[in-house]
file data.pdb (PDB, C-alpha atoms)
ATOM      1  CA  MET A   1     -61.096   1.379 -65.814
ATOM      2  CA  THR A   2     -59.060   4.571 -65.726
ATOM      3  CA  VAL A   3     -59.681   7.592 -63.498
ATOM      4  CA  ARG A   4     -59.465  11.102 -64.893
ATOM      5  CA  THR A   5     -57.701  13.421 -62.465
ATOM      6  CA  ARG A   6     -55.706  16.655 -62.225
ATOM      7  CA  GLU A   7     -52.096  17.221 -61.167
ATOM      8  CA  ILE A   8     -49.759  20.174 -60.624
ATOM      9  CA  HIS A   9     -46.565  19.773 -62.664
ATOM     10  CA  LEU A  10     -43.339  21.740 -62.495
ATOM     11  CA  ALA A  11     -43.294  23.804 -65.697
ATOM     12  CA  ALA A  12     -39.986  25.653 -65.223
ATOM     13  CA  ARG A  13     -37.358  26.206 -62.557
ATOM     14  CA  PRO A  14     -37.479  29.567 -60.736
ATOM     15  CA  THR A  15     -34.370  31.584 -59.930
ATOM     16  CA  ALA A  16     -36.059  33.527 -57.102
ATOM     17  CA  GLU A  17     -39.639  33.504 -55.796
ATOM     18  CA  PRO A  18     -41.745  31.054 -57.833
ATOM     19  CA  GLY A  19     -44.609  32.473 -59.866
ATOM     20  CA  PRO A  20     -47.595  31.036 -61.737
ATOM     21  CA  GLU A  21     -45.400  30.444 -64.800
ATOM     22  CA  HIS A  22     -43.434  27.791 -62.937
ATOM     23  CA  PHE A  23     -46.453  25.503 -62.476
ATOM     24  CA  ALA A  24     -48.894  23.765 -64.816
ATOM     25  CA  LEU A  25     -52.311  22.298 -63.985
ATOM     26  CA  VAL A  26     -52.526  19.108 -66.051
ATOM     27  CA  GLU A  27     -55.205  16.467 -66.583
ATOM     28  CA  ALA A  28     -54.081  12.848 -66.413
ATOM     29  CA  ASP A  29     -55.500   9.328 -66.552
ATOM     30  CA  LEU A  30     -54.661   6.832 -63.802
ATOM     31  CA  PRO A  31     -55.060   3.074 -64.353
ATOM     32  CA  GLU A  32     -56.633   0.703 -61.864
ATOM     33  CA  PRO A  33     -54.359  -0.269 -58.972
ATOM     34  CA  ALA A  34     -51.937  -3.107 -59.607
ATOM     35  CA  LEU A  35     -51.447  -5.841 -57.034
ATOM     36  CA  GLY A  36     -50.172  -4.223 -53.827
ATOM     37  CA  GLN A  37     -51.437  -0.753 -54.763
ATOM     38  CA  VAL A  38     -54.319   1.509 -53.728
ATOM     39  CA  LEU A  39     -56.033   4.396 -55.483
ATOM     40  CA  VAL A  40     -56.500   7.361 -53.160
ATOM     41  CA  ARG A  41     -58.820  10.323 -53.639
ATOM     42  CA  ASN A  42     -56.859  13.038 -51.892
ATOM     43  CA  THR A  43     -58.720  15.339 -49.505
ATOM     44  CA  TRP A  44     -55.832  17.307 -47.961
ATOM     45  CA  MET A  45     -52.308  18.106 -49.073
ATOM     46  CA  SER A  46     -49.443  19.729 -47.226
ATOM     47  CA  VAL A  47     -47.446  22.684 -48.519
ATOM     48  CA  ASP A  48     -44.040  23.156 -46.888
ATOM     49  CA  PRO A  49     -41.059  25.510 -47.324
ATOM     50  CA  TYR A  50     -38.614  22.711 -48.234
ATOM     51  CA  MET A  51     -40.533  22.214 -51.493
ATOM     52  CA  ARG A  52     -38.967  25.412 -52.826
ATOM     53  CA  GLY A  53     -35.521  23.781 -52.674
ATOM     54  CA  ARG A  54     -36.705  20.826 -54.733
ATOM     55  CA  MET A  55     -37.670  23.204 -57.540
ATOM     56  CA  ASP A  56     -33.949  23.884 -58.094
ATOM     57  CA  ASP A  57     -31.819  21.410 -60.020
ATOM     58  CA  VAL A  58     -29.184  21.049 -57.321
ATOM     59  CA  PRO A  59     -28.094  18.082 -55.198
ATOM     60  CA  SER A  60     -29.816  17.836 -51.836
ATOM     61  CA  TYR A  61     -31.162  15.314 -49.355
ATOM     62  CA  LEU A  62     -34.172  14.831 -51.668
ATOM     63  CA  PRO A  63     -33.997  14.725 -55.479
ATOM     64  CA  PRO A  64     -35.192  17.813 -57.357
ATOM     65  CA  PHE A  65     -38.658  17.871 -58.853
ATOM     66  CA  GLU A  66     -38.664  16.940 -62.528
ATOM     67  CA  ILE A  67     -39.903  19.405 -65.125
ATOM     68  CA  GLY A  68     -43.093  18.083 -66.702
ATOM     69  CA  ARG A  69     -43.804  15.753 -63.762
ATOM     70  CA  PRO A  70     -46.065  16.209 -60.709
ATOM     71  CA  LEU A  71     -44.627  17.782 -57.596
ATOM     72  CA  GLU A  72     -44.679  15.659 -54.428
ATOM     73  CA  GLY A  73     -45.482  16.110 -50.774
ATOM     74  CA  SER A  74     -47.461  14.738 -47.881
ATOM     75  CA  ALA A  75     -51.162  14.183 -48.491
ATOM     76  CA  ILE A  76     -54.169  12.495 -46.923
ATOM     77  CA  GLY A  77     -57.079  10.895 -48.685
ATOM     78  CA  GLU A  78     -59.667   8.133 -48.897
ATOM     79  CA  VAL A  79     -58.936   4.794 -50.532
ATOM     80  CA  VAL A  80     -61.396   4.372 -53.411
ATOM     81  CA  ALA A  81     -59.913   1.195 -54.931
ATOM     82  CA  SER A  82     -57.582  -1.353 -53.377
ATOM     83  CA  ARG A  83     -55.611  -4.424 -54.338
ATOM     84  CA  ALA A  84     -53.694  -4.529 -51.059
ATOM     85  CA  GLU A  85     -54.412  -6.485 -47.916
ATOM     86  CA  GLY A  86     -54.718  -4.312 -44.843
ATOM     87  CA  VAL A  87     -55.641  -1.141 -46.740
ATOM     88  CA  PRO A  88     -59.361  -1.468 -47.494
ATOM     89  CA  VAL A  89     -61.600   0.760 -49.566
ATOM     90  CA  GLY A  90     -62.866   3.575 -47.360
ATOM     91  CA  ALA A  91     -59.721   3.772 -45.219
ATOM     92  CA  THR A  92     -58.126   7.176 -44.608
ATOM     93  CA  VAL A  93     -54.414   7.086 -45.408
ATOM     94  CA  SER A  94     -51.432   9.394 -45.549
ATOM     95  CA  HIS A  95     -48.794   9.180 -48.271
ATOM     96  CA  PHE A  96     -46.231  11.300 -50.119
ATOM     97  CA  LEU A  97     -47.832  11.706 -53.554
ATOM     98  CA  GLY A  98     -49.561  15.030 -53.083
ATOM     99  CA  TRP A  99     -50.042  17.838 -55.632
ATOM    100  CA  ARG A 100     -52.712  15.756 -57.371
ATOM    101  CA  GLU A 101     -56.373  14.971 -56.824
ATOM    102  CA  HIS A 102     -55.895  11.200 -57.054
ATOM    103  CA  SER A 103     -52.775   9.175 -56.316
ATOM    104  CA  LEU A 104     -51.831   5.614 -57.191
ATOM    105  CA  VAL A 105     -49.881   4.538 -54.115
ATOM    106  CA  ASP A 106     -47.958   1.411 -53.201
ATOM    107  CA  ALA A 107     -49.586   0.013 -50.068
ATOM    108  CA  ALA A 108     -46.216  -0.067 -48.312
ATOM    109  CA  ALA A 109     -46.059   3.729 -48.669
ATOM    110  CA  ALA A 110     -49.597   4.336 -47.339
ATOM    111  CA  VAL A 111     -50.217   4.717 -43.595
ATOM    112  CA  VAL A 112     -53.747   3.976 -42.387
ATOM    113  CA  LEU A 113     -54.874   6.708 -39.972
ATOM    114  CA  ASP A 114     -57.263   6.665 -37.035
ATOM    115  CA  VAL A 115     -59.598   9.602 -37.614
ATOM    116  CA  THR A 116     -62.226   8.633 -35.037
ATOM    117  CA  ARG A 117     -60.901  11.136 -32.462
ATOM    118  CA  ILE A 118     -58.510  13.346 -34.413
ATOM    119  CA  PRO A 119     -59.384  15.230 -37.631
ATOM    120  CA  ALA A 120     -57.525  13.935 -40.663
ATOM    121  CA  SER A 121     -55.885  17.311 -41.337
ATOM    122  CA  ALA A 122     -54.104  17.170 -37.946
ATOM    123  CA  TYR A 123     -51.882  14.389 -39.306
ATOM    124  CA  LEU A 124     -50.374  16.949 -41.699
ATOM    125  CA  GLY A 125     -49.983  19.605 -38.988
ATOM    126  CA  PRO A 126     -49.355  19.080 -35.282
ATOM    127  CA  LEU A 127     -49.228  15.285 -35.685
ATOM    128  CA  GLY A 128     -47.295  15.416 -38.968
ATOM    129  CA  THR A 129     -43.683  15.978 -39.853
ATOM    130  CA  THR A 130     -43.755  19.602 -38.686
ATOM    131  CA  GLY A 131     -44.900  18.580 -35.214
ATOM    132  CA  LEU A 132     -42.346  15.776 -35.192
ATOM    133  CA  THR A 133     -39.674  18.300 -36.219
ATOM    134  CA  ALA A 134     -40.412  20.438 -33.166
ATOM    135  CA  HIS A 135     -40.334  17.361 -30.919
ATOM    136  CA  LEU A 136     -37.024  16.055 -32.241
ATOM    137  CA  ALA A 137     -35.406  19.490 -32.316
ATOM    138  CA  LEU A 138     -36.095  20.133 -28.637
ATOM    139  CA  THR A 139     -35.551  16.625 -27.281
ATOM    140  CA  ASP A 140     -32.573  15.445 -29.353
ATOM    141  CA  THR A 141     -30.996  18.045 -31.629
ATOM    142  CA  ALA A 142     -30.891  20.926 -29.129
ATOM    143  CA  PRO A 143     -32.258  19.316 -25.971
ATOM    144  CA  VAL A 144     -34.173  21.513 -23.560
ATOM    145  CA  ARG A 145     -33.209  21.162 -19.908
ATOM    146  CA  PRO A 146     -35.277  22.226 -16.892
ATOM    147  CA  GLY A 147     -34.946  25.957 -16.314
ATOM    148  CA  ASP A 148     -33.801  26.790 -19.865
ATOM    149  CA  THR A 149     -34.758  29.843 -21.873
ATOM    150  CA  VAL A 150     -35.856  28.787 -25.353
ATOM    151  CA  TYR A 151     -36.171  30.982 -28.450
ATOM    152  CA  VAL A 152     -38.157  29.876 -31.521
ATOM    153  CA  SER A 153     -38.225  31.732 -34.846
ATOM    154  CA  ALA A 154     -41.196  31.504 -37.239
ATOM    155  CA  ALA A 155     -43.077  30.742 -34.035
ATOM    156  CA  ALA A 156     -46.525  31.166 -35.593
ATOM    157  CA  GLY A 157     -45.741  28.631 -38.304
ATOM    158  CA  ALA A 158     -46.339  24.898 -38.428
ATOM    159  CA  VAL A 159     -43.258  23.966 -36.368
ATOM    160  CA  GLY A 160     -43.289  26.962 -34.070
ATOM    161  CA  SER A 161     -46.947  26.683 -33.082
ATOM    162  CA  VAL A 162     -46.169  23.269 -31.534
ATOM    163  CA  ALA A 163     -42.723  24.073 -30.136
ATOM    164  CA  ALA A 164     -43.746  26.098 -27.069
ATOM    165  CA  ARG A 165     -45.914  23.272 -25.705
ATOM    166  CA  ILE A 166     -43.074  20.797 -26.161
ATOM    167  CA  ALA A 167     -40.504  23.122 -24.573
ATOM    168  CA  ARG A 168     -42.777  23.631 -21.576
ATOM    169  CA  ASP A 169     -43.222  19.871 -21.191
ATOM    170  CA  LEU A 170     -39.433  19.505 -21.117
ATOM    171  CA  GLY A 171     -39.107  22.021 -18.281
ATOM    172  CA  ALA A 172     -38.296  25.305 -20.036
ATOM    173  CA  ALA A 173     -38.627  28.267 -17.697
ATOM    174  CA  ARG A 174     -39.145  30.864 -20.446
ATOM    175  CA  VAL A 175     -40.157  30.445 -24.100
ATOM    176  CA  ILE A 176     -39.755  33.323 -26.556
ATOM    177  CA  GLY A 177     -41.059  33.392 -30.112
ATOM    178  CA  SER A 178     -40.700  35.718 -33.083
ATOM    179  CA  ALA A 179     -43.239  36.135 -35.877
ATOM    180  CA  GLY A 180     -44.333  38.687 -38.448
ATOM    181  CA  GLY A 181     -46.922  41.260 -37.427
ATOM    182  CA  PRO A 182     -49.074  42.045 -34.370
ATOM    183  CA  ASP A 183     -51.754  39.464 -35.140
ATOM    184  CA  LYS A 184     -49.267  36.612 -35.112
ATOM    185  CA  THR A 185     -47.378  37.827 -32.060
ATOM    186  CA  ARG A 186     -50.659  38.088 -30.180
ATOM    187  CA  LEU A 187     -51.415  34.473 -31.056
ATOM    188  CA  LEU A 188     -48.037  33.415 -29.665
ATOM    189  CA  LEU A 189     -49.050  34.760 -26.266
ATOM    190  CA  GLU A 190     -52.763  33.980 -26.251
ATOM    191  CA  GLU A 191     -52.888  30.550 -27.919
ATOM    192  CA  PHE A 192     -49.511  28.938 -28.506
ATOM    193  CA  GLY A 193     -48.092  29.238 -24.997
ATOM    194  CA  TYR A 194     -45.194  31.695 -25.411
ATOM    195  CA  ASP A 195     -44.043  33.940 -22.575
ATOM    196  CA  ALA A 196     -42.758  36.702 -24.865
ATOM    197  CA  ALA A 197     -43.341  37.534 -28.525
ATOM    198  CA  ILE A 198     -41.141  39.576 -30.860
ATOM    199  CA  ASP A 199     -42.502  41.179 -34.038
ATOM    200  CA  ARG A 200     -39.673  40.688 -36.547
ATOM    201  CA  ARG A 201     -41.127  43.412 -38.771
ATOM    202  CA  ARG A 202     -40.306  46.104 -36.210
ATOM    203  CA  GLY A 203     -36.585  45.775 -36.885
ATOM    204  CA  ASP A 204     -33.470  45.407 -34.707
ATOM    205  CA  LEU A 205     -34.216  41.805 -33.921
ATOM    206  CA  ALA A 206     -31.059  41.353 -31.867
ATOM    207  CA  ALA A 207     -31.971  44.228 -29.520
ATOM    208  CA  ARG A 208     -35.535  43.010 -29.098
ATOM    209  CA  LEU A 209     -34.330  39.484 -28.398
ATOM    210  CA  ALA A 210     -31.853  40.745 -25.796
ATOM    211  CA  GLU A 211     -34.684  42.641 -24.113
ATOM    212  CA  ALA A 212     -36.937  39.559 -24.090
ATOM    213  CA  ALA A 213     -34.132  37.311 -22.820
ATOM    214  CA  PRO A 214     -32.152  39.398 -20.299
ATOM    215  CA  ASP A 215     -30.495  36.245 -18.933
ATOM    216  CA  GLY A 216     -29.630  34.927 -22.397
ATOM    217  CA  VAL A 217     -30.923  32.010 -24.461
ATOM    218  CA  ASP A 218     -30.028  28.379 -23.877
ATOM    219  CA  VAL A 219     -31.828  26.762 -26.838
ATOM    220  CA  TYR A 220     -32.706  28.229 -30.241
ATOM    221  CA  LEU A 221     -34.970  26.412 -32.703
ATOM    222  CA  ASP A 222     -34.086  27.984 -36.053
ATOM    223  CA  SER A 223     -36.473  27.750 -38.985
ATOM    224  CA  VAL A 224     -35.402  31.006 -40.635
ATOM    225  CA  GLY A 225     -31.602  31.299 -40.800
ATOM    226  CA  GLY A 226     -29.948  34.552 -41.906
ATOM    227  CA  ASP A 227     -30.577  37.519 -39.628
ATOM    228  CA  HIS A 228     -32.543  35.421 -37.134
ATOM    229  CA  LEU A 229     -29.639  33.040 -36.597
ATOM    230  CA  ALA A 230     -27.231  35.971 -36.353
ATOM    231  CA  ALA A 231     -29.434  37.658 -33.740
ATOM    232  CA  ALA A 232     -29.821  34.475 -31.718
ATOM    233  CA  LEU A 233     -26.071  33.925 -31.563
ATOM    234  CA  THR A 234     -25.615  37.324 -29.904
ATOM    235  CA  VAL A 235     -27.622  36.197 -26.855
ATOM    236  CA  MET A 236     -26.683  32.504 -26.585
ATOM    237  CA  ASN A 237     -25.477  31.430 -23.166
ATOM    238  CA  GLN A 238     -22.397  29.356 -22.485
ATOM    239  CA  GLY A 239     -23.072  25.845 -23.759
ATOM    240  CA  GLY A 240     -26.118  26.950 -25.736
ATOM    241  CA  ARG A 241     -27.700  24.644 -28.288
ATOM    242  CA  VAL A 242     -29.113  25.539 -31.708
ATOM    243  CA  ALA A 243     -31.343  23.249 -33.777
ATOM    244  CA  LEU A 244     -31.056  24.117 -37.475
ATOM    245  CA  VAL A 245     -34.282  22.811 -39.051
ATOM    246  CA  GLY A 246     -34.906  25.349 -41.826
ATOM    247  CA  ALA A 247     -33.781  28.565 -43.488
ATOM    248  CA  ILE A 248     -36.982  29.962 -44.949
ATOM    249  CA  GLY A 249     -35.485  33.448 -45.050
ATOM    250  CA  ASP A 250     -33.034  32.309 -47.725
ATOM    251  CA  TYR A 251     -35.050  29.919 -49.904
ATOM    252  CA  ASN A 252     -35.969  32.480 -52.588
ATOM    253  CA  GLU A 253     -32.545  34.174 -52.667
ATOM    254  CA  ALA A 254     -30.481  33.704 -55.815
ATOM    255  CA  GLU A 255     -27.277  34.137 -53.773
ATOM    256  CA  PRO A 256     -26.738  33.133 -50.135
ATOM    257  CA  ALA A 257     -26.985  35.968 -47.646
ATOM    258  CA  PRO A 258     -23.868  36.873 -45.615
ATOM    259  CA  GLY A 259     -23.478  34.486 -42.709
ATOM    260  CA  PRO A 260     -23.699  35.122 -38.961
ATOM    261  CA  ASN A 261     -20.748  35.598 -36.643
ATOM    262  CA  LEU A 262     -19.846  31.972 -35.958
ATOM    263  CA  TYR A 263     -16.767  33.019 -33.991
ATOM    264  CA  ARG A 264     -19.114  34.127 -31.219
ATOM    265  CA  ALA A 265     -20.698  30.669 -31.346
ATOM    266  CA  ALA A 266     -17.253  29.135 -30.961
ATOM    267  CA  THR A 267     -16.192  31.328 -28.008
ATOM    268  CA  ARG A 268     -19.406  30.481 -26.187
ATOM    269  CA  GLU A 269     -19.148  26.762 -27.003
ATOM    270  CA  VAL A 270     -22.513  26.823 -28.740
ATOM    271  CA  THR A 271     -23.581  23.653 -30.517
ATOM    272  CA  LEU A 272     -25.230  24.179 -33.923
ATOM    273  CA  ARG A 273     -26.699  20.932 -35.162
ATOM    274  CA  GLY A 274     -28.787  20.192 -38.211
ATOM    275  CA  MET A 275     -31.733  17.811 -38.338
ATOM    276  CA  LEU A 276     -33.649  16.178 -41.214
ATOM    277  CA  VAL A 277     -37.008  14.913 -40.022
ATOM    278  CA  SER A 278     -37.150  12.425 -42.902
ATOM    279  CA  ASN A 279     -34.383  10.450 -41.189
ATOM    280  CA  HIS A 280     -36.437  10.057 -38.019
ATOM    281  CA  LEU A 281     -39.929   9.027 -39.113
ATOM    282  CA  HIS A 282     -39.706   5.967 -36.864
ATOM    283  CA  ARG A 283     -40.082   8.362 -33.921
ATOM    284  CA  PHE A 284     -43.731   9.161 -34.796
ATOM    285  CA  PRO A 285     -45.237   6.707 -32.243
ATOM    286  CA  GLU A 286     -43.185   8.252 -29.418
ATOM    287  CA  PHE A 287     -44.278  11.759 -30.442
ATOM    288  CA  HIS A 288     -47.946  10.830 -30.944
ATOM    289  CA  ALA A 289     -48.046   9.287 -27.468
ATOM    290  CA  LYS A 290     -47.468  12.809 -26.112
ATOM    291  CA  ALA A 291     -49.146  15.001 -28.702
ATOM    292  CA  VAL A 292     -52.478  13.204 -29.126
ATOM    293  CA  PRO A 293     -53.441  13.647 -25.440
ATOM    294  CA  TRP A 294     -52.397  17.306 -25.656
ATOM    295  CA  LEU A 295     -54.684  17.836 -28.638
ATOM    296  CA  LEU A 296     -57.567  16.028 -26.956
ATOM    297  CA  ASP A 297     -57.305  17.953 -23.677
ATOM    298  CA  GLY A 298     -56.753  21.291 -25.421
ATOM    299  CA  THR A 299     -53.311  22.049 -23.987
ATOM    300  CA  LEU A 300     -51.857  21.991 -27.501
ATOM    301  CA  ARG A 301     -53.608  24.678 -29.500
ATOM    302  CA  THR A 302     -52.608  25.080 -33.124
ATOM    303  CA  ARG A 303     -53.947  26.721 -36.247
ATOM    304  CA  LYS A 304     -54.000  26.004 -39.936
ATOM    305  CA  THR A 305     -54.257  28.167 -43.031
ATOM    306  CA  VAL A 306     -56.406  26.506 -45.694
ATOM    307  CA  LEU A 307     -56.727  27.229 -49.403
ATOM    308  CA  ASP A 308     -59.394  25.354 -51.356
ATOM    309  CA  GLY A 309     -58.772  23.555 -54.637
ATOM    310  CA  LEU A 310     -55.729  21.992 -56.263
ATOM    311  CA  GLU A 311     -55.277  25.057 -58.453
ATOM    312  CA  LYS A 312     -54.501  27.049 -55.275
ATOM    313  CA  ALA A 313     -51.461  24.905 -54.398
ATOM    314  CA  PRO A 314     -48.890  27.170 -56.130
ATOM    315  CA  GLU A 315     -50.348  30.184 -54.323
ATOM    316  CA  ALA A 316     -50.106  28.241 -51.058
ATOM    317  CA  LEU A 317     -46.425  27.524 -51.651
ATOM    318  CA  ARG A 318     -45.683  31.158 -52.433
ATOM    319  CA  GLY A 319     -47.600  32.123 -49.298
ATOM    320  CA  VAL A 320     -45.719  29.801 -46.972
ATOM    321  CA  LEU A 321     -42.427  31.200 -48.290
ATOM    322  CA  THR A 322     -43.488  34.775 -47.530
ATOM    323  CA  GLY A 323     -45.133  34.126 -44.154
ATOM    324  CA  ALA A 324     -48.759  34.368 -45.286
ATOM    325  CA  ASN A 325     -49.721  31.363 -43.172
ATOM    326  CA  THR A 326     -50.540  31.039 -39.501
ATOM    327  CA  GLY A 327     -49.816  27.502 -38.368
ATOM    328  CA  LYS A 328     -49.768  24.792 -40.994
ATOM    329  CA  MET A 329     -50.399  25.659 -44.660
ATOM    330  CA  LEU A 330     -52.825  23.148 -46.207
ATOM    331  CA  VAL A 331     -54.751  22.764 -49.430
ATOM    332  CA  ARG A 332     -58.190  21.170 -49.199
ATOM    333  CA  LEU A 333     -59.073  19.144 -52.281
TER
END

call {"tool": "encode", "arguments": {"input": "data.pdb", "output": "structure tokens"}}
result
Amino acid sequence: MTVRTREIHLAARPTAEPGPEHFALVEADLPEPALGQVLVRNTWMSVDPYMRGRMDDVPSYLPPFEIGRPLEGSAIGEVVASRAEGVPVGATVSHFLGWREHSLVDAAAAVVLDVTRIPASAYLGPLGTTGLTAHLALTDTAPVRPGDTVYVSAAAGAVGSVAARIARDLGAARVIGSAGGPDKTRLLLEEFGYDAAIDRRRGDLAARLAEAAPDGVDVYLDSVGGDHLAAALTVMNQGGRVALVGAIGDYNEAEPAPGPNLYRAATREVTLRGMLVSNHLHRFPEFHAKAVPWLLDGTLRTRKTVLDGLEKAPEALRGVLTGANTGKMLVRL
């Protein structure tokens, strides 16, 4: 018995910001699960900035999306048919075959989730790869030490909304965030635990950052790149650490923007280190041991931006690339 479903396919490759013409909503038939597979009715799917890079036909740490094939990404859903031991019908699972209403998933690639205390959507946000990114960035990639001043760009986004709580747990004395617009900067102070908030839209980011960090910055969690990285390097202290986890400011650019002054980074012995969360998924249990209690006791407060319906997924991707989201961008199916 086949299941009729809908999927979002890549219709064409964009050269700048993706538009509706680059996506196609397609109906498809899925067969019954084979041995070792489960059929999942997806209820939530994640939309993340890195997906823009996979729309280009260039080598990267993940293969590019194929034209005429469904896009991919993290998703959560309910198992509606199973031929796999340990993954029963009715279980809530996470997997990587999003951008479709139903997914045929190998059981080895499906993670059964406990949703008795935590809402399922949290496993795509603060408990998902974006939360894990913030944890790894500040514990391993650019480790926070007691007394440090920490700066986080895109601080109202999915990574940034978790980062202040983690930095505080690691002993940071001052945590500064930048975001776009007064509503988001207010959230940084009132909900996400930041000591100072910079509105990037007001210009002269370097001057505003210097004012917010008069004693300099020890750790910078960079999700933006470009002018944000350049501004951060002007205030880095001796021995400063930078975690490079994203460059959302450049993803839609046809040509790379001019780079920051890395000579200043060299003279101040700053460490700039990249991090791919996909290489560290085994660290989830360690992170969840901290983050779940924070969610339950309310000391980790996050937000999500939700669009309803699979057909809204392309709009959600365009929105996350332009900063339309507060917290994690999700599509509810």

call {"tool": "closest_residue", "arguments": {"input": "data.pdb", "among": "A:Leu221, A:Ala107, A:Leu188, A:Leu209", "to": "Val152 (chain A)", "atoms": "all atoms listed in the file"}}
result
A:Leu221

call {"tool": "residues_around", "arguments": {"input": "data.pdb", "residues": "region 315-319 of chain A", "least_positions_apart": "6", "cutoff": "8 Å", "atoms": "all atoms listed in the file", "output": "ChimeraX atom specification"}}
result
/A:17-20,47-49,51-52,307,325,329-331

call {"tool": "resolve_selection", "arguments": {"input": "data.pdb", "expression": "the PyMOL selection byres ((chain A and resi 224-237) around 6)", "output": "VMD selection string"}}
result
chain A and resid 206 216 to 218 222 to 223 238 240 246 to 249 260

call {"tool": "closest_atom_pairs", "arguments": {"input": "data.pdb", "of": "region 123-147 of chain A", "to": "region 62-82 of chain A", "cutoff": "9 Å", "atoms": "only C-alpha atoms", "output": "Markdown table"}}
result
| residue | atom | partner | partner_atom | distance |
| --- | --- | --- | --- | --- |
| A:Tyr123 | CA | A:Ile76 | CA | 8.2 |
| A:Leu124 | CA | A:Ser74 | CA | 7.2 |
| A:Gly128 | CA | A:Ser74 | CA | 8.9 |
| A:Thr129 | CA | A:Ser74 | CA | 9.0 |

call {"tool": "write_last_selection", "arguments": {"input": "data.pdb", "atoms": "C-alpha atoms", "output": "mmCIF file, keeping the file's coordinate frame"}}
result
data_model
loop_
_atom_site.group_PDB
_atom_site.id
_atom_site.type_symbol
_atom_site.label_atom_id
_atom_site.label_comp_id
_atom_site.auth_asym_id
_atom_site.auth_seq_id
_atom_site.Cartn_x
_atom_site.Cartn_y
_atom_site.Cartn_z
ATOM 1 C CA TYR A 123 -51.882 14.389 -39.306
ATOM 2 C CA LEU A 124 -50.374 16.949 -41.699
ATOM 3 C CA GLY A 128 -47.295 15.416 -38.968
ATOM 4 C CA THR A 129 -43.683 15.978 -39.853
#

call {"tool": "residues_around", "arguments": {"input": "data.pdb", "residues": "Ser161 (chain A)", "least_positions_apart": "4", "cutoff": "6 Å", "atoms": "only C-alpha atoms", "output": "ChimeraX atom specification"}}
result
/A:155-157,192,302

call {"tool": "closest_residue", "arguments": {"input": "data.pdb", "among": "A:Leu310, A:Val242, A:Ala12, A:Met45", "to": "Glu27 (chain A)", "atoms": "all atoms listed in the file"}}
result
A:Leu310

call {"tool": "decode", "arguments": {"input": "data.pdb", "residues": "region 120-130 of chain A", "atoms": "N, CA, C and O atoms", "output": "compact mmCIF listing (two decimals), in the first residue's frame"}}
result
# COMPACT_ATOMS: atom_id res chain seq x y z
N ALA A 120 8.13 18.26 21.38
CA ALA A 120 8.90 17.69 20.27
C ALA A 120 9.70 18.75 19.53
O ALA A 120 10.85 18.53 19.15
N SER A 121 9.13 19.93 19.33
CA SER A 121 9.81 20.97 18.55
C SER A 121 11.11 21.41 19.20
O SER A 121 12.01 21.91 18.51
N ALA A 122 11.26 21.24 20.52
CA ALA A 122 12.49 21.66 21.20
C ALA A 122 13.70 20.88 20.72
O ALA A 122 14.83 21.36 20.79
N TYR A 123 13.47 19.66 20.21
CA TYR A 123 14.58 18.84 19.72
C TYR A 123 15.13 19.35 18.40
O TYR A 123 16.17 18.88 17.93
N LEU A 124 14.44 20.31 17.77
CA LEU A 124 14.98 20.97 16.58
C LEU A 124 15.54 22.34 16.91
O LEU A 124 16.19 22.96 16.05
N GLY A 125 15.30 22.83 18.13
CA GLY A 125 15.77 24.15 18.54
C GLY A 125 16.82 24.06 19.61
O GLY A 125 17.96 23.66 19.35
N PRO A 126 16.47 24.41 20.86
CA PRO A 126 17.50 24.44 21.90
C PRO A 126 18.15 23.09 22.19
O PRO A 126 19.29 23.04 22.63
N LEU A 127 17.44 22.00 21.93
CA LEU A 127 18.02 20.67 22.14
C LEU A 127 18.52 20.05 20.84
O LEU A 127 18.96 18.90 20.84
N GLY A 128 18.46 20.79 19.75
CA GLY A 128 18.89 20.27 18.45
C GLY A 128 20.30 20.69 18.11
O GLY A 128 21.10 21.09 18.97
N THR A 129 20.61 20.64 16.83
CA THR A 129 21.98 20.92 16.41
C THR A 129 22.38 22.37 16.64
O THR A 129 23.56 22.66 16.85
N THR A 130 21.40 23.30 16.65
CA THR A 130 21.76 24.69 16.90
C THR A 130 22.15 24.89 18.36
O THR A 130 23.11 25.60 18.67
